[in-house]
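Structure file entry31.cif (mmCIF, C-alpha atoms) follows.
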```
data_upload
loop_
_atom_site.group_PDB
_atom_site.id
_atom_site.type_symbol
_atom_site.label_atom_id
_atom_site.label_comp_id
_atom_site.auth_asym_id
_atom_site.auth_seq_id
_atom_site.Cartn_x
_atom_site.Cartn_y
_atom_site.Cartn_z
ATOM 1 C CA MET C 1 -8.148 20.693 34.826
ATOM 2 C CA ILE C 2 -6.942 19.665 31.392
ATOM 3 C CA ILE C 3 -5.835 22.560 29.227
ATOM 4 C CA GLU C 4 -4.951 20.754 25.998
ATOM 5 C CA PRO C 5 -7.315 18.256 24.344
ATOM 6 C CA PHE C 6 -6.135 14.677 24.040
ATOM 7 C CA PRO C 7 -5.036 13.692 20.536
ATOM 8 C CA PRO C 8 -7.124 10.967 18.885
ATOM 9 C CA PHE C 9 -6.101 7.395 19.680
ATOM 10 C CA ARG C 10 -3.840 5.737 17.118
ATOM 11 C CA ALA C 11 -2.808 2.147 17.507
ATOM 12 C CA ALA C 12 0.888 1.276 17.574
ATOM 13 C CA HIS C 13 0.559 -2.339 16.406
ATOM 14 C CA PHE C 14 -0.444 -3.330 12.880
ATOM 15 C CA ARG C 15 -0.984 -6.435 10.800
ATOM 16 C CA ILE C 16 -0.133 -6.479 7.089
ATOM 17 C CA LYS C 17 -1.537 -9.277 4.923
ATOM 18 C CA GLN C 18 -3.460 -10.246 1.833
ATOM 19 C CA ALA C 19 -7.114 -9.229 2.047
ATOM 20 C CA ASP C 20 -9.322 -12.304 2.333
ATOM 21 C CA ASP C 21 -12.487 -11.391 4.187
ATOM 22 C CA ALA C 22 -15.243 -9.154 2.841
ATOM 23 C CA TRP C 23 -14.648 -6.526 5.563
ATOM 24 C CA GLU C 24 -10.989 -6.309 4.519
ATOM 25 C CA HIS C 25 -11.900 -5.698 0.864
ATOM 26 C CA ARG C 26 -14.559 -3.147 1.848
ATOM 27 C CA GLY C 27 -12.054 -1.363 4.094
ATOM 28 C CA ALA C 28 -9.427 -1.246 1.329
ATOM 29 C CA ALA C 29 -11.976 0.134 -1.149
ATOM 30 C CA ALA C 30 -13.148 2.766 1.339
ATOM 31 C CA LEU C 31 -9.568 3.839 2.066
ATOM 32 C CA ARG C 32 -8.786 4.129 -1.644
ATOM 33 C CA ARG C 33 -11.896 6.297 -2.167
ATOM 34 C CA LEU C 34 -10.865 8.490 0.772
ATOM 35 C CA VAL C 35 -7.310 8.976 -0.488
ATOM 36 C CA PHE C 36 -7.691 9.043 -4.281
ATOM 37 C CA CYS C 37 -11.196 10.553 -4.642
ATOM 38 C CA LYS C 38 -11.833 12.789 -1.638
ATOM 39 C CA GLU C 39 -8.349 13.831 -0.535
ATOM 40 C CA GLN C 40 -6.293 13.906 -3.743
ATOM 41 C CA ARG C 41 -9.231 14.306 -6.169
ATOM 42 C CA ILE C 42 -7.527 12.143 -8.764
ATOM 43 C CA PHE C 43 -10.805 10.298 -9.442
ATOM 44 C CA ARG C 44 -14.327 11.632 -9.104
ATOM 45 C CA ASP C 45 -16.377 9.008 -7.242
ATOM 46 C CA ASP C 46 -14.464 5.729 -7.377
ATOM 47 C CA ASP C 47 -10.978 4.638 -8.393
ATOM 48 C CA ARG C 48 -11.889 1.053 -9.374
ATOM 49 C CA ASP C 49 -10.812 -0.128 -12.808
ATOM 50 C CA ALA C 50 -10.448 -3.401 -14.734
ATOM 51 C CA ILE C 51 -7.229 -4.251 -12.869
ATOM 52 C CA ASP C 52 -9.233 -4.714 -9.670
ATOM 53 C CA ASP C 53 -10.892 -7.781 -11.198
ATOM 54 C CA GLU C 54 -7.567 -9.627 -11.348
ATOM 55 C CA ALA C 55 -5.473 -7.888 -8.681
ATOM 56 C CA THR C 56 -4.490 -9.186 -5.273
ATOM 57 C CA THR C 57 -5.291 -6.671 -2.541
ATOM 58 C CA LEU C 58 -2.912 -6.320 0.400
ATOM 59 C CA ILE C 59 -3.932 -4.440 3.525
ATOM 60 C CA ALA C 60 -2.655 -3.092 6.823
ATOM 61 C CA PHE C 61 -5.005 -2.821 9.757
ATOM 62 C CA ASP C 62 -4.613 -1.636 13.305
ATOM 63 C CA TYR C 63 -5.335 -3.475 16.505
ATOM 64 C CA VAL C 64 -7.576 -2.073 19.184
ATOM 65 C CA GLY C 65 -6.673 -4.196 22.187
ATOM 66 C CA VAL C 66 -6.591 -7.683 20.709
ATOM 67 C CA ALA C 67 -9.253 -7.136 18.020
ATOM 68 C CA ALA C 68 -8.775 -6.032 14.443
ATOM 69 C CA GLY C 69 -9.604 -2.384 13.952
ATOM 70 C CA ASP C 70 -9.765 -0.487 10.669
ATOM 71 C CA VAL C 71 -7.993 -0.950 7.350
ATOM 72 C CA ILE C 72 -5.405 1.832 7.455
ATOM 73 C CA GLY C 73 -3.255 0.885 4.471
ATOM 74 C CA THR C 74 -3.632 -0.900 1.152
ATOM 75 C CA VAL C 75 -1.925 -1.679 -2.142
ATOM 76 C CA ARG C 76 -2.840 -3.935 -5.031
ATOM 77 C CA ILE C 77 -0.608 -6.099 -7.230
ATOM 78 C CA HIS C 78 -1.231 -7.865 -10.510
ATOM 79 C CA GLU C 79 0.656 -9.806 -13.158
ATOM 80 C CA ALA C 80 0.419 -7.833 -16.417
ATOM 81 C CA GLU C 81 2.217 -10.531 -18.418
ATOM 82 C CA PRO C 82 4.106 -13.664 -17.409
ATOM 83 C CA GLY C 83 6.696 -12.655 -14.801
ATOM 84 C CA ILE C 84 5.980 -8.915 -15.090
ATOM 85 C CA TRP C 85 4.106 -7.553 -12.078
ATOM 86 C CA TRP C 86 2.782 -4.106 -11.201
ATOM 87 C CA GLY C 87 1.871 -2.515 -7.898
ATOM 88 C CA SER C 88 -0.678 0.291 -7.710
ATOM 89 C CA ARG C 89 -3.085 2.210 -5.511
ATOM 90 C CA LEU C 90 -0.784 2.348 -2.486
ATOM 91 C CA ALA C 91 -2.685 4.278 0.180
ATOM 92 C CA VAL C 92 -2.205 4.908 3.898
ATOM 93 C CA ALA C 93 -4.858 6.593 6.044
ATOM 94 C CA PRO C 94 -3.959 10.237 6.738
ATOM 95 C CA ALA C 95 -3.784 9.736 10.519
ATOM 96 C CA TYR C 96 -1.188 6.950 10.080
ATOM 97 C CA ARG C 97 1.195 8.455 7.516
ATOM 98 C CA ARG C 98 3.680 9.589 10.153
ATOM 99 C CA VAL C 99 3.904 6.118 11.673
ATOM 100 C CA GLY C 100 6.753 5.317 9.295
ATOM 101 C CA ALA C 101 6.322 1.569 8.986
ATOM 102 C CA LEU C 102 3.094 1.035 7.072
ATOM 103 C CA GLY C 103 3.926 2.204 3.554
ATOM 104 C CA THR C 104 7.276 0.428 3.661
ATOM 105 C CA ALA C 105 5.741 -2.813 4.948
ATOM 106 C CA LEU C 106 3.038 -2.742 2.259
ATOM 107 C CA ILE C 107 5.648 -2.191 -0.467
ATOM 108 C CA ARG C 108 7.804 -5.043 0.851
ATOM 109 C CA LEU C 109 4.853 -7.404 1.073
ATOM 110 C CA ALA C 110 3.697 -6.407 -2.428
ATOM 111 C CA VAL C 111 7.044 -7.111 -4.088
ATOM 112 C CA GLY C 112 7.726 -10.196 -1.959
ATOM 113 C CA THR C 113 4.300 -11.668 -2.737
ATOM 114 C CA ALA C 114 4.829 -11.122 -6.460
ATOM 115 C CA ARG C 115 8.274 -12.752 -6.186
ATOM 116 C CA GLY C 116 6.695 -15.731 -4.460
ATOM 117 C CA ARG C 117 4.397 -16.042 -7.483
ATOM 118 C CA GLY C 118 7.168 -15.977 -10.088
ATOM 119 C CA CYS C 119 7.824 -12.264 -10.570
ATOM 120 C CA THR C 120 10.930 -11.445 -12.626
ATOM 121 C CA ARG C 121 10.279 -7.669 -12.811
ATOM 122 C CA PHE C 122 8.132 -5.465 -10.565
ATOM 123 C CA HIS C 123 7.007 -1.977 -11.632
ATOM 124 C CA ALA C 124 4.861 0.828 -10.281
ATOM 125 C CA HIS C 125 3.748 4.277 -11.343
ATOM 126 C CA VAL C 126 4.636 6.251 -8.228
ATOM 127 C CA GLN C 127 3.413 9.751 -7.463
ATOM 128 C CA ALA C 128 6.475 11.955 -7.868
ATOM 129 C CA GLN C 129 6.476 13.140 -4.237
ATOM 130 C CA ASN C 130 6.820 9.500 -3.114
ATOM 131 C CA GLY C 131 9.839 8.789 -5.304
ATOM 132 C CA PRO C 132 12.405 9.280 -2.490
ATOM 133 C CA LEU C 133 10.686 6.621 -0.330
ATOM 134 C CA PHE C 134 10.846 4.090 -3.155
ATOM 135 C CA THR C 135 14.461 5.013 -3.920
ATOM 136 C CA ARG C 136 15.385 4.276 -0.284
ATOM 137 C CA LEU C 137 13.666 0.907 -0.698
ATOM 138 C CA HIS C 138 15.901 -0.031 -3.659
ATOM 139 C CA TRP C 139 13.757 1.057 -6.571
ATOM 140 C CA ARG C 140 15.125 2.832 -9.637
ATOM 141 C CA THR C 141 13.372 5.415 -11.788
ATOM 142 C CA ARG C 142 12.732 4.393 -15.405
ATOM 143 C CA GLY C 143 11.057 7.616 -16.509
ATOM 144 C CA ALA C 144 8.601 10.370 -15.699
ATOM 145 C CA LEU C 145 5.011 10.694 -16.882
ATOM 146 C CA SER C 146 1.709 12.358 -16.080
ATOM 147 C CA LEU C 147 -1.205 10.173 -14.991
ATOM 148 C CA HIS C 148 -4.641 11.616 -14.311
ATOM 149 C CA GLY C 149 -3.094 15.090 -14.425
ATOM 150 C CA HIS C 150 -0.496 14.357 -11.724
ATOM 151 C CA PRO C 151 3.283 13.841 -12.067
ATOM 152 C CA HIS C 152 4.377 10.229 -11.631
ATOM 153 C CA LEU C 153 7.559 8.221 -11.947
ATOM 154 C CA GLU C 154 7.733 4.827 -13.571
ATOM 155 C CA MET C 155 9.846 2.843 -11.126
ATOM 156 C CA GLU C 156 11.174 -0.706 -10.892
ATOM 157 C CA ALA C 157 12.094 -2.645 -7.755
ATOM 158 C CA ASP C 158 15.511 -4.245 -7.350
ATOM 159 C CA LEU C 159 14.271 -7.764 -6.627
ATOM 160 C CA ASP C 160 17.524 -8.734 -4.883
ATOM 161 C CA HIS C 161 16.276 -6.747 -1.871
ATOM 162 C CA TYR C 162 12.897 -8.506 -1.648
ATOM 163 C CA PRO C 163 12.744 -12.143 -0.547
ATOM 164 C CA PRO C 164 9.811 -14.147 -1.914
ATOM 165 C CA VAL C 165 6.702 -14.349 0.248
ATOM 166 C CA ILE C 166 4.977 -17.648 -0.347
ATOM 167 C CA ASP C 167 1.758 -17.094 1.588
ATOM 168 C CA ALA C 168 0.671 -13.467 2.035
ATOM 169 C CA ALA C 169 -2.760 -14.721 3.046
ATOM 170 C CA SER C 170 -1.434 -16.677 6.015
ATOM 171 C CA VAL C 171 -3.266 -16.405 9.280
ATOM 172 C CA ALA C 172 -0.256 -14.807 10.948
ATOM 173 C CA GLY C 173 0.448 -12.168 8.297
ATOM 174 C CA TRP C 174 3.183 -9.647 9.007
ATOM 175 C CA HIS C 175 3.222 -7.494 12.087
ATOM 176 C CA ALA C 176 4.664 -4.013 12.437
ATOM 177 C CA THR C 177 4.883 -1.502 15.217
ATOM 178 C CA ALA C 178 5.012 2.266 14.997
ATOM 179 C CA ARG C 179 8.523 3.720 14.837
ATOM 180 C CA ILE C 180 7.441 7.201 15.881
ATOM 181 C CA ALA C 181 4.380 8.519 17.608
ATOM 182 C CA ALA C 182 1.421 8.888 15.286
#
```
Represent the structure from my file as structure tokens, please.
Amino acid sequence: MIIEPFPPFRAAHFRIKQADDAWEHRGAAALRRLVFCKEQRIFRDDDRDAIDDEATTLIAFDYVGVAAGDVIGTVRIHEAEPGIWWGSRLAVAPAYRRVGALGTALIRLAVGTARGRGCTRFHAHVQAQNGPLFTRLHWRTRGALSLHGHPHLEMEADLDHYPPVIDAASVAGWHATARIAA
């Protein structure tokens, strides 16, 4: 007889890449709505804005056996002016936040992809509670501000720690495995 219920299944192998297919874009949009609208209540119904029309969407998805599962992480990047890039809307599904590799891999792919496209400076408005993660990843704080009623930090990546990624849309993408049990 089983006394304790089994925890829900969480994959331990992930792929991180540029979103190309319609299902990948739909999954990224759904995850952003879950995180920024339902969970954090930063936006009411949808977090889309004009940046989405020009941004590149990067995603992480899990594998169930050998098949792609769900989009469980996303971030978008865009070039605001020649050489100056911004990352935004970094989101990881609640069940996968303790995995430890997804947010970091998305950040590295975001900055590396921008570098591969000629980035000379990479910025992000980071929710204040996530500042320590970015600091560990060689970002420096440029200032503090409030966005949508929430404290944020304006941060800039040290590009010396991010090699250029030439093809984030490649078939292989990046692969990551869980560092701790989800």
How many Å lie between CA of Ala124 (chain C) and CA of Ala55 (chain C), rounded to one decimal?
13.6 Å
Could you please give me, as a list in words, the residues of protein, DNA or RNA lying at most 6 Å from (1.0, -6.8, 5.4) in the coordinate frame of the file, considering all atoms listed in the file?
Arg15, Ile16, Lys17, Ile59, Ala60, Leu106, Leu109 and Trp174 of chain C
Go ahead and compute the interatomic distance for CA of Arg76 (chain C) and CA of Leu58 (chain C), in Å to one decimal.
5.9 Å
Once the PyMOL selection byres ((chain C and resi 51) around 10) has been applied to the shown file, what residues remain in the selection, as a list in words?
Arg48, Asp49, Ala50, Asp52, Asp53, Glu54, Ala55, Thr56, Arg76, Ile77, His78, Glu79, Ala80 and Ser88 of chain C
On this file, the PyMOL selection byres ((chain C and resi 33-47) around 9) gives some set of residues; write that set as a PyMOL selection string.
chain C and resi 28-32+48-49+89+91-94+148-150
Once you have the residues from the selection above, write them out as a PDB file, keeping the file's coordinate frame, restricted to C-alpha atoms.
```pdb
ATOM      1  CA  ALA C  28      -9.427  -1.246   1.329  1.00  0.00           C
ATOM      2  CA  ALA C  29     -11.976   0.134  -1.149  1.00  0.00           C
ATOM      3  CA  ALA C  30     -13.148   2.766   1.339  1.00  0.00           C
ATOM      4  CA  LEU C  31      -9.568   3.839   2.066  1.00  0.00           C
ATOM      5  CA  ARG C  32      -8.786   4.129  -1.644  1.00  0.00           C
ATOM      6  CA  ARG C  48     -11.889   1.053  -9.374  1.00  0.00           C
ATOM      7  CA  ASP C  49     -10.812  -0.128 -12.808  1.00  0.00           C
ATOM      8  CA  ARG C  89      -3.085   2.210  -5.511  1.00  0.00           C
ATOM      9  CA  ALA C  91      -2.685   4.278   0.180  1.00  0.00           C
ATOM     10  CA  VAL C  92      -2.205   4.908   3.898  1.00  0.00           C
ATOM     11  CA  ALA C  93      -4.858   6.593   6.044  1.00  0.00           C
ATOM     12  CA  PRO C  94      -3.959  10.237   6.738  1.00  0.00           C
ATOM     13  CA  HIS C 148      -4.641  11.616 -14.311  1.00  0.00           C
ATOM     14  CA  GLY C 149      -3.094  15.090 -14.425  1.00  0.00           C
ATOM     15  CA  HIS C 150      -0.496  14.357 -11.724  1.00  0.00           C
TER      16      HIS C 150
END
```
Have a look at CA of Thr104 (chain C) and CA of Asp20 (chain C) and let me know their distance in Å, one decimal.
21.0 Å
As a VMD selection string, please: the residues near Leu147 (chain C) (cut-off 10 Å, only C-alpha atoms, same-chain neighbours under 2 positions excluded).
chain C and resid 42 125 to 127 144 to 145 149 to 153
Could you pull the residues within 12 Å of region 156-159 of chain C, counting all atoms listed in the file, minus those fewer than 3 positions along the same chain, as a PyMOL selection string?
chain C and resi 84-87+107-108+110-116+118-126+131+133-143+153+162-164
Given the choices C:Phe61, C:Arg26, C:Thr74, C:Ser146, which gets closest to Gly103 (chain C) if the distance is worked out from all atoms listed in the file?
C:Thr74
Would you kindly translate the PyMOL selection byres ((chain C and resi 62) around 6) into the concrete residues it picks from this file, as a PyMOL selection string?
chain C and resi 11+14+61+63+69-70
